[in-house]
Structure formats: C-alpha cells, structure tokens
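Chemist: Got a structure for you, protein-v9.cif, holding mmCIF, C-alpha atoms.
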```
data_start
#
loop_
_atom_site.label_atom_id
_atom_site.label_comp_id
_atom_site.auth_asym_id
_atom_site.auth_seq_id
_atom_site.Cartn_x
_atom_site.Cartn_y
_atom_site.Cartn_z
CA MET A 1 -4.04 4.58 -62.28
CA THR A 2 -1.73 5.59 -65.10
CA GLU A 3 0.87 3.23 -66.21
CA GLU A 4 4.14 4.25 -67.64
CA ASN A 5 5.52 1.93 -70.17
CA LYS A 6 9.24 2.42 -69.74
CA PRO A 7 11.41 0.60 -72.13
CA GLY A 8 13.23 -2.26 -70.36
CA SER A 9 10.78 -2.50 -67.43
CA ALA A 10 7.65 -4.57 -67.42
CA PRO A 11 5.46 -3.94 -64.38
CA GLY A 12 3.13 -6.61 -65.63
CA THR A 13 0.15 -8.32 -64.17
CA ILE A 14 2.08 -10.29 -61.56
CA THR A 15 3.47 -7.22 -59.82
CA LYS A 16 0.07 -5.53 -59.81
CA ALA A 17 -1.52 -8.64 -58.42
CA ALA A 18 1.16 -8.83 -55.73
CA VAL A 19 0.47 -5.25 -54.68
CA VAL A 20 -3.29 -5.85 -54.53
CA ILE A 21 -2.88 -9.07 -52.58
CA THR A 22 -0.50 -7.44 -50.10
CA ALA A 23 -2.90 -4.52 -49.65
CA LEU A 24 -5.79 -6.92 -49.09
CA ALA A 25 -3.70 -8.93 -46.62
CA VAL A 26 -2.86 -5.81 -44.66
CA ILE A 27 -6.49 -4.73 -44.57
CA ILE A 28 -7.64 -8.17 -43.47
CA PHE A 29 -4.94 -8.31 -40.80
CA ILE A 30 -5.92 -4.91 -39.38
CA GLY A 31 -9.59 -5.86 -39.43
CA TRP A 32 -8.87 -9.17 -37.70
CA SER A 33 -6.70 -7.67 -34.97
CA GLN A 34 -9.31 -5.01 -34.21
CA PHE A 35 -12.01 -7.65 -34.06
CA ARG A 36 -9.84 -9.84 -31.86
CA HIS A 37 -9.41 -7.04 -29.37
CA ALA A 38 -12.97 -5.83 -29.45
CA ASP A 39 -14.58 -8.36 -27.20
CA THR A 40 -11.65 -9.52 -25.08
CA ASP A 41 -10.88 -5.96 -24.14
CA THR A 42 -12.64 -6.05 -20.82
CA HIS A 43 -9.82 -4.08 -19.31
CA ARG A 44 -10.34 -0.80 -21.05
CA VAL A 45 -10.73 1.98 -18.53
CA VAL A 46 -13.63 4.33 -19.02
CA GLU A 47 -13.15 8.04 -18.37
CA THR A 48 -15.61 9.62 -16.00
CA ARG A 49 -17.21 11.75 -18.69
CA THR A 50 -18.81 8.95 -20.63
CA PRO A 51 -20.53 9.71 -23.90
CA VAL A 52 -24.21 8.87 -23.54
CA LYS A 53 -24.07 6.18 -26.24
CA ILE A 54 -21.92 3.74 -24.23
CA SER A 55 -24.12 1.66 -21.98
CA ILE A 56 -22.96 1.15 -18.43
CA GLY A 57 -24.32 -1.53 -16.18
CA GLY A 58 -26.37 -4.58 -16.77
CA PRO A 59 -28.50 -7.24 -15.13
CA PHE A 60 -26.98 -9.32 -12.36
CA THR A 61 -27.80 -12.04 -9.87
CA LEU A 62 -25.30 -12.26 -7.04
CA THR A 63 -25.01 -13.44 -3.47
CA HIS A 64 -25.95 -10.96 -0.76
CA HIS A 65 -23.74 -10.92 2.32
CA ASN A 66 -26.58 -12.57 4.21
CA GLY A 67 -26.28 -15.58 1.91
CA SER A 68 -29.39 -15.03 -0.21
CA ARG A 69 -29.37 -14.46 -3.95
CA VAL A 70 -30.39 -11.03 -5.20
CA SER A 71 -30.85 -9.46 -8.61
CA ASP A 72 -30.59 -5.96 -9.94
CA THR A 73 -34.37 -5.96 -10.31
CA ASP A 74 -34.68 -6.27 -6.52
CA TYR A 75 -33.36 -2.73 -6.31
CA LEU A 76 -35.61 -1.09 -8.89
CA GLY A 77 -37.30 1.96 -7.47
CA ARG A 78 -34.18 3.03 -5.61
CA PHE A 79 -30.84 4.42 -6.69
CA MET A 80 -27.96 1.92 -6.64
CA LEU A 81 -24.60 3.29 -5.55
CA ILE A 82 -22.11 0.69 -6.75
CA PHE A 83 -18.48 0.28 -5.76
CA PHE A 84 -16.18 -2.58 -6.79
CA GLY A 85 -13.55 -3.59 -4.26
CA TYR A 86 -12.41 -6.36 -1.96
CA THR A 87 -12.05 -6.88 1.76
CA TYR A 88 -8.31 -7.54 1.67
CA CYS A 89 -7.92 -4.00 0.39
CA PRO A 90 -6.37 -2.11 3.29
CA ASP A 91 -6.89 1.41 2.13
CA VAL A 92 -8.77 2.37 -1.05
CA CYS A 93 -11.90 0.38 -0.21
CA PRO A 94 -12.21 1.53 3.40
CA THR A 95 -11.72 5.07 2.17
CA GLU A 96 -14.41 4.87 -0.48
CA LEU A 97 -16.83 2.96 1.74
CA SER A 98 -16.40 5.51 4.47
CA THR A 99 -17.06 8.28 1.93
CA ILE A 100 -20.23 6.48 0.88
CA ALA A 101 -21.20 5.94 4.53
CA GLU A 102 -20.74 9.59 5.33
CA ALA A 103 -22.65 10.68 2.23
CA MET A 104 -25.54 8.45 3.33
CA GLU A 105 -25.48 10.11 6.74
CA LEU A 106 -25.47 13.57 5.19
CA LEU A 107 -28.52 12.70 3.10
CA GLY A 108 -30.61 12.19 6.19
CA PRO A 109 -32.85 9.19 6.87
CA GLU A 110 -35.65 10.05 4.41
CA LYS A 111 -33.47 10.51 1.35
CA ALA A 112 -31.01 7.81 2.37
CA LYS A 113 -33.85 5.29 2.05
CA GLN A 114 -33.89 6.00 -1.69
CA VAL A 115 -30.28 4.96 -2.13
CA GLN A 116 -28.88 1.44 -1.91
CA PRO A 117 -25.08 1.27 -1.64
CA LEU A 118 -23.69 -1.98 -3.05
CA PHE A 119 -20.14 -3.13 -2.40
CA ILE A 120 -19.31 -5.70 -5.05
CA SER A 121 -16.31 -7.94 -4.53
CA VAL A 122 -13.69 -8.32 -7.23
CA ASP A 123 -12.10 -11.09 -5.15
CA PRO A 124 -14.75 -13.82 -4.90
CA PRO A 125 -12.30 -16.56 -3.79
CA ARG A 126 -11.51 -14.77 -0.55
CA ASP A 127 -14.66 -12.68 -0.17
CA THR A 128 -17.27 -15.15 0.95
CA PRO A 129 -20.66 -13.82 2.10
CA GLU A 130 -19.54 -14.17 5.72
CA VAL A 131 -16.39 -12.15 5.14
CA MET A 132 -18.42 -9.52 3.29
CA ALA A 133 -20.97 -9.33 6.09
CA ASN A 134 -18.27 -8.75 8.69
CA TYR A 135 -16.73 -6.10 6.51
CA VAL A 136 -19.61 -3.89 5.37
CA VAL A 137 -21.11 -3.69 8.82
CA GLN A 138 -18.13 -1.62 9.91
CA PHE A 139 -19.03 1.21 7.59
CA HIS A 140 -22.77 1.74 7.40
CA PRO A 141 -25.82 -0.43 8.09
CA SER A 142 -27.23 0.32 4.67
CA ILE A 143 -24.29 -1.04 2.69
CA VAL A 144 -24.92 -4.40 1.09
CA GLY A 145 -21.98 -6.59 0.18
CA LEU A 146 -22.35 -8.71 -2.95
CA THR A 147 -20.19 -11.58 -4.06
CA GLY A 148 -20.61 -14.53 -6.41
CA THR A 149 -18.75 -16.85 -8.71
CA GLU A 150 -15.76 -15.58 -10.66
CA ASP A 151 -17.86 -15.67 -13.83
CA GLU A 152 -20.75 -13.71 -12.33
CA ILE A 153 -18.40 -11.02 -11.07
CA ALA A 154 -16.46 -10.89 -14.34
CA GLN A 155 -19.70 -10.44 -16.29
CA LEU A 156 -20.93 -7.66 -14.06
CA ALA A 157 -17.61 -5.81 -14.01
CA LYS A 158 -17.47 -6.04 -17.77
CA SER A 159 -20.93 -4.50 -18.10
CA PHE A 160 -19.73 -1.60 -15.96
CA ARG A 161 -16.44 -1.44 -17.80
CA ALA A 162 -14.85 -1.71 -14.38
CA TYR A 163 -11.32 -3.02 -14.44
CA TYR A 164 -9.94 -5.49 -11.95
CA ALA A 165 -7.02 -7.86 -11.98
CA ARG A 166 -4.89 -9.70 -9.51
CA ALA A 167 -1.63 -7.77 -9.06
CA GLU A 168 1.24 -9.14 -11.14
CA GLY A 169 3.78 -11.35 -9.52
CA THR A 170 1.47 -12.61 -6.80
CA GLU A 171 0.54 -16.03 -8.16
CA GLY A 172 0.60 -18.59 -5.39
CA ASP A 173 0.44 -15.86 -2.75
CA ASP A 174 -2.34 -15.88 -0.23
CA ASP A 175 -1.82 -12.21 0.37
CA TYR A 176 -2.32 -10.94 -3.15
CA ALA A 177 -3.65 -7.49 -3.90
CA VAL A 178 -6.24 -6.83 -6.59
CA ASP A 179 -5.92 -3.78 -8.79
CA HIS A 180 -9.33 -2.32 -9.43
CA SER A 181 -11.23 0.70 -10.70
CA ALA A 182 -11.99 2.92 -7.77
CA THR A 183 -14.93 4.69 -9.37
CA THR A 184 -18.38 4.66 -7.78
CA TYR A 185 -21.33 4.22 -10.15
CA LEU A 186 -24.82 5.64 -9.65
CA MET A 187 -27.74 3.81 -11.25
CA GLY A 188 -31.21 5.35 -11.25
CA PRO A 189 -34.45 3.88 -9.83
CA ASP A 190 -35.15 2.62 -13.33
CA GLY A 191 -31.89 0.66 -13.32
CA GLN A 192 -30.27 2.93 -15.89
CA PHE A 193 -26.85 4.47 -15.51
CA GLU A 194 -26.89 8.02 -14.14
CA THR A 195 -23.34 9.10 -13.35
CA THR A 196 -20.02 8.20 -11.76
CA PHE A 197 -18.16 9.57 -8.76
CA SER A 198 -14.43 9.44 -9.17
CA TYR A 199 -12.29 8.18 -6.29
CA GLY A 200 -11.51 11.14 -4.08
CA THR A 201 -14.94 12.74 -4.33
CA SER A 202 -15.78 14.15 -0.92
CA PRO A 203 -18.80 12.87 1.03
CA GLU A 204 -20.29 16.36 0.86
CA ASP A 205 -20.08 16.48 -2.93
CA MET A 206 -21.44 12.97 -3.24
CA ALA A 207 -24.37 13.74 -0.93
CA ALA A 208 -25.14 16.97 -2.77
CA ALA A 209 -25.15 15.20 -6.14
CA LEU A 210 -27.28 12.33 -4.78
CA GLU A 211 -29.75 14.81 -3.37
CA LYS A 212 -30.11 16.51 -6.75
CA PHE A 213 -30.84 13.18 -8.41
CA ILE A 214 -33.29 12.17 -5.70
CA ASP A 215 -35.11 15.48 -5.82
CA SER A 216 -35.39 15.45 -9.57
CA ARG A 217 -37.08 12.05 -9.42
CA SER A 218 -39.69 12.78 -6.80
CA MET B 1 -0.87 1.67 45.97
CA LYS B 2 -3.63 1.59 43.35
CA LYS B 3 -3.34 5.35 42.91
CA ILE B 4 0.37 5.12 42.26
CA ILE B 5 -0.16 2.40 39.69
CA ALA B 6 -2.88 4.43 38.01
CA ALA B 7 -0.71 7.54 37.99
CA THR B 8 2.26 5.66 36.58
CA ALA B 9 0.03 4.11 33.92
CA ALA B 10 -1.27 7.55 32.99
CA VAL B 11 2.23 8.95 32.64
CA LEU B 12 3.32 5.93 30.61
CA MET B 13 0.30 6.31 28.32
CA MET B 14 1.18 9.93 27.72
CA GLY B 15 4.71 8.87 26.90
CA LEU B 16 3.44 6.33 24.43
CA THR B 17 1.51 8.87 22.41
CA ALA B 18 4.39 11.31 22.18
CA PRO B 19 6.47 11.46 18.99
CA ALA B 20 9.34 9.01 18.79
CA PHE B 21 12.80 10.36 18.01
CA ALA B 22 16.13 9.07 16.76
CA GLY B 23 18.56 11.81 15.90
CA ASP B 24 17.03 13.94 13.19
CA ILE B 25 14.08 11.71 12.45
CA SER B 26 10.81 11.78 14.35
CA VAL B 27 7.69 9.74 13.78
CA GLU B 28 4.30 11.14 14.69
CA ASP B 29 0.62 10.32 14.69
CA ALA B 30 0.90 6.70 13.69
CA TRP B 31 -2.61 5.35 13.19
CA ALA B 32 -4.38 2.43 11.60
CA ARG B 33 -7.97 1.60 10.75
CA ALA B 34 -9.87 -1.02 12.70
CA SER B 35 -10.03 -4.31 10.85
CA ALA B 36 -13.03 -6.55 10.33
CA LYS B 37 -13.11 -9.73 12.36
CA MET B 38 -11.87 -11.92 9.57
CA ALA B 39 -9.66 -9.33 7.90
CA ARG B 40 -6.23 -10.43 6.88
CA ALA B 41 -4.73 -7.15 5.82
CA GLY B 42 -4.33 -3.79 7.46
CA ALA B 43 -2.51 -0.54 6.91
CA ALA B 44 -0.89 2.05 9.12
CA PHE B 45 -0.30 5.69 8.28
CA LEU B 46 2.05 8.16 9.91
CA THR B 47 4.17 11.26 9.46
CA VAL B 48 7.95 11.23 9.43
CA LYS B 49 9.70 14.52 10.08
CA ASN B 50 13.36 15.03 9.25
CA THR B 51 15.46 17.89 10.53
CA GLY B 52 18.67 16.51 9.09
CA SER B 53 20.01 15.11 5.85
CA ALA B 54 17.99 12.90 3.51
CA ASP B 55 17.09 9.46 4.78
CA LYS B 56 14.87 6.60 3.68
CA LEU B 57 12.31 4.43 5.40
CA VAL B 58 13.38 0.94 4.36
CA GLY B 59 11.22 -1.36 6.45
CA ALA B 60 8.94 -1.91 9.38
CA LYS B 61 8.33 -4.55 12.03
CA ALA B 62 5.31 -5.40 14.10
CA ASP B 63 3.92 -8.37 15.99
CA ILE B 64 0.40 -8.09 14.71
CA SER B 65 0.91 -9.71 11.33
CA LYS B 66 3.02 -12.32 9.56
CA LYS B 67 4.47 -9.84 7.12
CA VAL B 68 5.03 -6.11 7.32
CA GLU B 69 5.90 -4.28 4.13
CA LEU B 70 6.00 -0.79 2.69
CA HIS B 71 3.42 -0.17 0.00
CA THR B 72 2.14 2.62 -2.17
CA HIS B 73 -0.78 3.25 -4.50
CA ILE B 74 -0.35 4.07 -8.14
CA LYS B 75 -3.34 5.67 -9.82
CA ASP B 76 -3.53 4.55 -13.43
CA GLY B 77 -6.58 6.25 -14.94
CA ASP B 78 -9.35 5.31 -12.57
CA VAL B 79 -7.61 2.14 -11.41
CA MET B 80 -5.85 2.04 -8.06
CA LYS B 81 -2.90 -0.32 -7.99
CA MET B 82 -1.19 -1.16 -4.76
CA ARG B 83 2.48 -2.09 -5.01
CA GLN B 84 5.22 -2.97 -2.58
CA VAL B 85 8.04 -0.43 -2.44
CA GLU B 86 11.60 -0.94 -1.26
CA SER B 87 11.80 2.38 0.48
CA ILE B 88 10.05 5.66 1.09
CA ALA B 89 12.21 8.77 0.81
CA VAL B 90 12.40 11.20 3.68
CA PRO B 91 13.88 14.40 2.23
CA ALA B 92 16.41 16.53 4.08
CA ASN B 93 14.66 19.06 6.29
CA GLY B 94 11.37 17.71 5.09
CA MET B 95 8.86 15.05 5.80
CA ALA B 96 7.25 11.93 4.45
CA MET B 97 3.53 11.50 4.91
CA LEU B 98 2.13 8.02 4.81
CA LYS B 99 -1.58 8.52 4.28
CA PRO B 100 -4.67 6.92 2.77
CA GLY B 101 -4.45 6.60 -1.00
CA GLY B 102 -0.67 6.88 -0.95
CA ASP B 103 2.27 5.31 0.86
CA HIS B 104 1.52 3.16 3.85
CA VAL B 105 2.84 0.40 6.07
CA MET B 106 1.06 -2.77 5.02
CA PHE B 107 0.29 -5.62 7.41
CA MET B 108 -0.28 -8.91 5.65
CA GLY B 109 -1.67 -11.91 7.42
CA LEU B 110 -3.02 -10.16 10.51
CA THR B 111 -2.68 -12.38 13.54
CA LYS B 112 -5.11 -10.36 15.59
CA GLN B 113 -8.07 -8.15 14.93
CA LEU B 114 -7.34 -4.43 15.16
CA LYS B 115 -10.05 -2.93 17.31
CA GLU B 116 -10.84 0.76 17.59
CA GLY B 117 -9.07 2.12 20.65
CA ASP B 118 -6.28 -0.47 20.58
CA MET B 119 -2.67 0.53 20.40
CA PHE B 120 0.14 -1.65 19.14
CA PRO B 121 3.90 -1.17 18.83
CA LEU B 122 5.49 -0.59 15.43
CA THR B 123 9.19 -0.38 14.67
CA LEU B 124 10.24 1.64 11.64
CA VAL B 125 13.61 0.98 10.08
CA PHE B 126 15.45 3.90 8.49
CA GLU B 127 18.52 3.60 6.32
CA LYS B 128 20.52 6.14 8.37
CA ALA B 129 18.56 6.71 11.53
CA GLY B 130 18.13 3.03 12.23
CA GLU B 131 15.19 1.70 14.18
CA ILE B 132 12.57 3.96 15.65
CA LYS B 133 9.79 2.52 17.76
CA THR B 134 6.38 4.06 17.90
CA HIS B 135 2.85 3.10 18.82
CA VAL B 136 -0.02 2.91 16.38
CA LYS B 137 -3.44 4.05 17.50
CA VAL B 138 -6.34 2.13 15.98
CA GLN B 139 -9.15 4.35 14.71
CA LYS B 140 -12.50 3.27 13.36
CA ALA B 141 -12.67 1.43 10.05
CA GLY B 142 -13.69 4.47 8.05
CA ALA B 143 -11.26 6.88 9.66
CA MET B 144 -9.46 9.32 7.40
CA GLY B 145 -7.00 10.80 9.82
CA ALA B 146 -5.01 10.28 12.97
CA MET B 147 -7.03 12.31 15.40
CA LYS B 148 -10.63 12.45 14.42
CA GLY B 149 -12.97 9.89 12.93
CA HIS B 150 -14.39 12.38 10.43
CA MET B 151 -12.11 14.80 8.73
CA LYS B 152 -13.43 17.69 6.69
CA HIS B 153 -12.24 17.41 3.11
#
```
I need this file expressed as structure tokens, please.

Modeler:
Amino acid sequence: MTEENKPGSAPGTITKAAVVITALAVIIFIGWSQFRHADTDTHRVVETRTPVKISIGGPFTLTHHNGSRVSDTDYLGRFMLIFFGYTYCPDVCPTELSTIAEAMELLGPEKAKQVQPLFISVDPPRDTPEVMANYVVQFHPSIVGLTGTEDEIAQLAKSFRAYYARAEGTEGDDDYAVDHSATTYLMGPDGQFETTFSYGTSPEDMAAALEKFIDSRS
Amino acid sequence: MKKIIAATAAVLMMGLTAPAFAGDISVEDAWARASAKMARAGAAFLTVKNTGSADKLVGAKADISKKVELHTHIKDGDVMKMRQVESIAVPANGMAMLKPGGDHVMFMGLTKQLKEGDMFPLTLVFEKAGEIKTHVKVQKAGAMGAMKGHMKH
C-alpha cells in the first residue's frame, strides 16, 4: 500500500488501525452470521435436482401406525417411498397418497413388494398412531403411517431437508394447517437416497421410474 | 304406493345432481373426498360457470362441519401452503374451477364422517348472485375428479 504524505494531513497509525479493526469486525460479523444460520437453517428448500454431494435421509426410529416402533433398518432390502404430510391436510396429502397408491397398483404385485411407501406425519400432536392407521388404510394397504415425538419428526425432516411449519396466525387454533414440502423421496434397498418425485408427478410416471430402479437392482 | 315413492325419489335424486343456477351463475359437479373416521378436515371441489358480469364467491355454508371457509394452495418452491382466502373470483363469461391443489371449500371440524357415496348440501354465497345451493357428492379418499375415481393425467 503506498502512502502519500500530503502536507497538512497525517493519516497516521491510528487511522490505519481503525481501518484494519473495522475490516476485521466486518469479516468476523459476516463469518458469525453465516455460522449462525448454517445449522438452524432447517427450513431451506431443496430443489429436485440435488447435487450428489448433499446427503438426503438418515436413520430413524418412529412409531408405526400399528403402535410398534420401527427403524429405517427394518426396511433395508426394499425401496422406501417417503412422503411427509399430515392427516388434517384436506387436499395435498390425499392427492399424493392416491398417486402413490395408484403407482403401487401399476407396478403389479411382484414389483410392488419391493417398495415400501411411508407416510410420515409432520403433525405429531394430532396424528397419533390410531389416527394414522385410520387414514392410510383409505389409500393403499401397503402404505405405512409413521409418527413420533416432535423431536423425532424434526430430526428426520431435517435429514431429508423437508420443510414443515405450522401455518402463521394459527396459534391456539385446533384447526391449524401445516405447510410442508410436498416432494416424495425414494430411498434404495441399501437405505441410500435415489431420487425425488415432485408433487404433481403422475402415477404412471412414478410407476415407470420405480420399475426402472427395481429392474436395475435385480 | 311404494312404486310412486320410489319413482318420486328417483326424480328427486336426478334433480339433486343437476347444476344449480342463480341468474348468470351455475355451480356444477360439486364433489368431496371421503374422510377417514377420525378426520377433522375435508375439502370440496366444484366448477362455477358465469354467463354474466364478473362475480366473486365470498363464502360457503354447510352442516357437516363447525367452520366452512374458502382456501387456496400457494406453491412456494416445493412447499405447499394452504391459506384462507376472502373470495374466489368468477370472471365475466368465464368460470372458476375449485380443484385439488388449488382453490377449494374447506370444512374444518367435521361433525360427521364423509363416506363414499354420501351426498350433502352445500350453500355457496356469491357477492352478486347471492346464495346458490348445491349438493356435494362424496368420492373415495383418493379421488381426483368429480365423476371417476381414477382420472388419467
């Protein structure tokens, strides 16, 4: 850095120090705010085309709609088709579950056995195992409903980078809606993430994609 | 006597499934999905046709739930957000389609289970046309359309 020594002005050590300190402060502030966001940012939405480096999914132990506790390892050897939703959802969840149900039908009994659809509740306070059981049975016998404690669900959703939140302005309401990612996730028989199906994918497209995955594994 | 009753019932049933009119506005194909036994929320979908000047659907009434509201879905990235709306526009010489994934009549606090095959009365309130009564046909839980259980996409 060149310094001009103008007569009458004296930049001096104090000014230089002030500049350096301010610069350092700014850098530290930026670093701190990034760090602060990094692990509380559970609400970042993931685009469907995920770069391979980001890991999706993780281990879980939740409550099956029949009341028993199940883990992700219980489903190893089969594909897991995972959808986050809640039973109070009047439209999006029935739509997606019916798409999944129809895709399972299109696969045919042999291939359908290789896929385990899991409907995971983002509304554990209202979605007890009994409520889940009554709900999933309306769509397809293969669909398993999973619920758990708020913490268990939060952990799992975070590992899938699936967003969910109670709709604003509904505190104290019994009838609240829950905003949630409407993406369906496919995990392979080895428990690793395979792909996602965006909301609106037709049953035919879902079945065709599932078939490709199943065939490539056998 | 039984035959007359049966015949009258048949004619009445046919009348119930016909579109409901009030001036320029007609409401057709109102349907809802069956609800699970313990379900507390439901939704109805329908088509509003308008042969006159612009109008708005501003409310709805039904006996099957504690609250009846108009709702829509906003897609924000891959997140579906459901929000109450004050009104749904029905353009002049146009129509408003309340369908899955979009606008719908929302029933909150269902007081009875909606079973496939049931029909229940629904009153729609329009800003200009006033109240129009129709009947909602309950389809199966995974239904995507008014008529058939499985619709080709």

Chemist: Calculate how many Å separate atom CA of A:Lys158 from atom CA of B:Ala141, rounding to one decimal.

Modeler: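 One can read the atom CA of A:Lys158 to atom CA of B:Ala141 distance as 29.2 Å.
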
Chemist: Written as a VMD selection string, which residues does the PyMOL selection byres ((chain B) within 8 of (chain A)) give for the file shown?

Modeler: chain B and resid 36 to 43 77 to 82 100 to 101 106 108 to 109 141 to 144 153

Chemist: With C-alpha atoms retained, export the selected residues as a tab-separated table (two decimals), keeping the file's coordinate frame.

Modeler:
```tsv
chain	number	residue	atom	x	y	z
B	36	ALA	CA	-13.03	-6.55	10.33
B	37	LYS	CA	-13.11	-9.73	12.36
B	38	MET	CA	-11.87	-11.92	9.57
B	39	ALA	CA	-9.66	-9.33	7.90
B	40	ARG	CA	-6.23	-10.43	6.88
B	41	ALA	CA	-4.73	-7.15	5.82
B	42	GLY	CA	-4.33	-3.79	7.46
B	43	ALA	CA	-2.51	-0.54	6.91
B	77	GLY	CA	-6.58	6.25	-14.94
B	78	ASP	CA	-9.35	5.31	-12.57
B	79	VAL	CA	-7.61	2.14	-11.41
B	80	MET	CA	-5.85	2.04	-8.06
B	81	LYS	CA	-2.90	-0.32	-7.99
B	82	MET	CA	-1.19	-1.16	-4.76
B	100	PRO	CA	-4.67	6.92	2.77
B	101	GLY	CA	-4.45	6.60	-1.00
B	106	MET	CA	1.06	-2.77	5.02
B	108	MET	CA	-0.28	-8.91	5.65
B	109	GLY	CA	-1.67	-11.91	7.42
B	141	ALA	CA	-12.67	1.43	10.05
B	142	GLY	CA	-13.69	4.47	8.05
B	143	ALA	CA	-11.26	6.88	9.66
B	144	MET	CA	-9.46	9.32	7.40
B	153	HIS	CA	-12.24	17.41	3.11
```

Chemist: Starting from the displayed file, determine the output of the PyMOL selection byres ((chain B and resi 21) around 10) and express the residue list as a list in words.

Modeler: Ala18, Pro19, Ala20, Ala22, Gly23, Asp24, Ile25, Ser26, Val27, Glu28, Val48, Lys49, Asn50, Ala129, Glu131, Ile132, Lys133 and Thr134 of chain B

Chemist: Mind giving me the straight-line distance from atom CA of B:Asp55 to atom CA of B:Lys75 in Å, one decimal?

Modeler: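 About the pair atom CA of B:Asp55 and atom CA of B:Lys75: they are 25.4 Å apart.
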
Chemist: Can you tell me which residues surround stretch 75-80 of chain A at a distance of at most 10 Å, considering only C-alpha atoms, apart from same-chain residues fewer than 5 positions away, and format the answer as a PDB file with C-alpha atoms, in the coordinates of the input?

Modeler:
```pdb
ATOM      1  CA  VAL A  70     -30.390 -11.030  -5.200  1.00  0.00           C
ATOM      2  CA  ALA A 112     -31.010   7.810   2.370  1.00  0.00           C
ATOM      3  CA  LYS A 113     -33.850   5.290   2.050  1.00  0.00           C
ATOM      4  CA  GLN A 114     -33.890   6.000  -1.690  1.00  0.00           C
ATOM      5  CA  VAL A 115     -30.280   4.960  -2.130  1.00  0.00           C
ATOM      6  CA  GLN A 116     -28.880   1.440  -1.910  1.00  0.00           C
ATOM      7  CA  PRO A 117     -25.080   1.270  -1.640  1.00  0.00           C
ATOM      8  CA  LEU A 118     -23.690  -1.980  -3.050  1.00  0.00           C
ATOM      9  CA  TYR A 185     -21.330   4.220 -10.150  1.00  0.00           C
ATOM     10  CA  LEU A 186     -24.820   5.640  -9.650  1.00  0.00           C
ATOM     11  CA  MET A 187     -27.740   3.810 -11.250  1.00  0.00           C
ATOM     12  CA  GLY A 188     -31.210   5.350 -11.250  1.00  0.00           C
ATOM     13  CA  PRO A 189     -34.450   3.880  -9.830  1.00  0.00           C
ATOM     14  CA  ASP A 190     -35.150   2.620 -13.330  1.00  0.00           C
ATOM     15  CA  GLY A 191     -31.890   0.660 -13.320  1.00  0.00           C
ATOM     16  CA  GLN A 192     -30.270   2.930 -15.890  1.00  0.00           C
ATOM     17  CA  PHE A 193     -26.850   4.470 -15.510  1.00  0.00           C
ATOM     18  CA  GLU A 194     -26.890   8.020 -14.140  1.00  0.00           C
ATOM     19  CA  LEU A 210     -27.280  12.330  -4.780  1.00  0.00           C
ATOM     20  CA  PHE A 213     -30.840  13.180  -8.410  1.00  0.00           C
ATOM     21  CA  ILE A 214     -33.290  12.170  -5.700  1.00  0.00           C
TER      22      ILE A 214
END
```

Chemist: Go through B:Ala34, B:Met97, B:Ala92, B:Leu110 one by one, measure the shortest atom-to-atom distance of each to B:Val136 using all atoms listed in the file, and give the residue with the smallest value.

Modeler: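 Smallest separation from B:Val136 among the options: B:Ala34.
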
Chemist: Quick one, how far is atom CA of A:Ser142 from atom CA of A:Ile120?

Modeler: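 Pair atom CA of A:Ser142 / atom CA of A:Ile120 returns 13.9 Å.
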
Chemist: Out of A:Val144, A:Ala154, A:Leu24, A:Leu107, which residue has the shortest atom-to-atom distance to A:Ala208 when counting all atoms listed in the file?

Modeler: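 Among the listed residues, the smallest separation from A:Ala208 belongs to A:Leu107.
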
Chemist: Give as a list in words each residue that has an atom at most 6 Å from (-22.0, 9.0, -2.4) in the file, counting all atoms listed in the file.

Modeler: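 The residues that fall inside the cut-off are Ile100, Ala103, Met206 and Ala207 of chain A.
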
Chemist: Do a neighbour search on B:Val68 at 9 Å with only C-alpha atoms, toss out local chain neighbours closer than 2 positions, and write the hits as a PyMOL selection string.

Modeler: chain B and resi 59-62+64-66+70+105-109
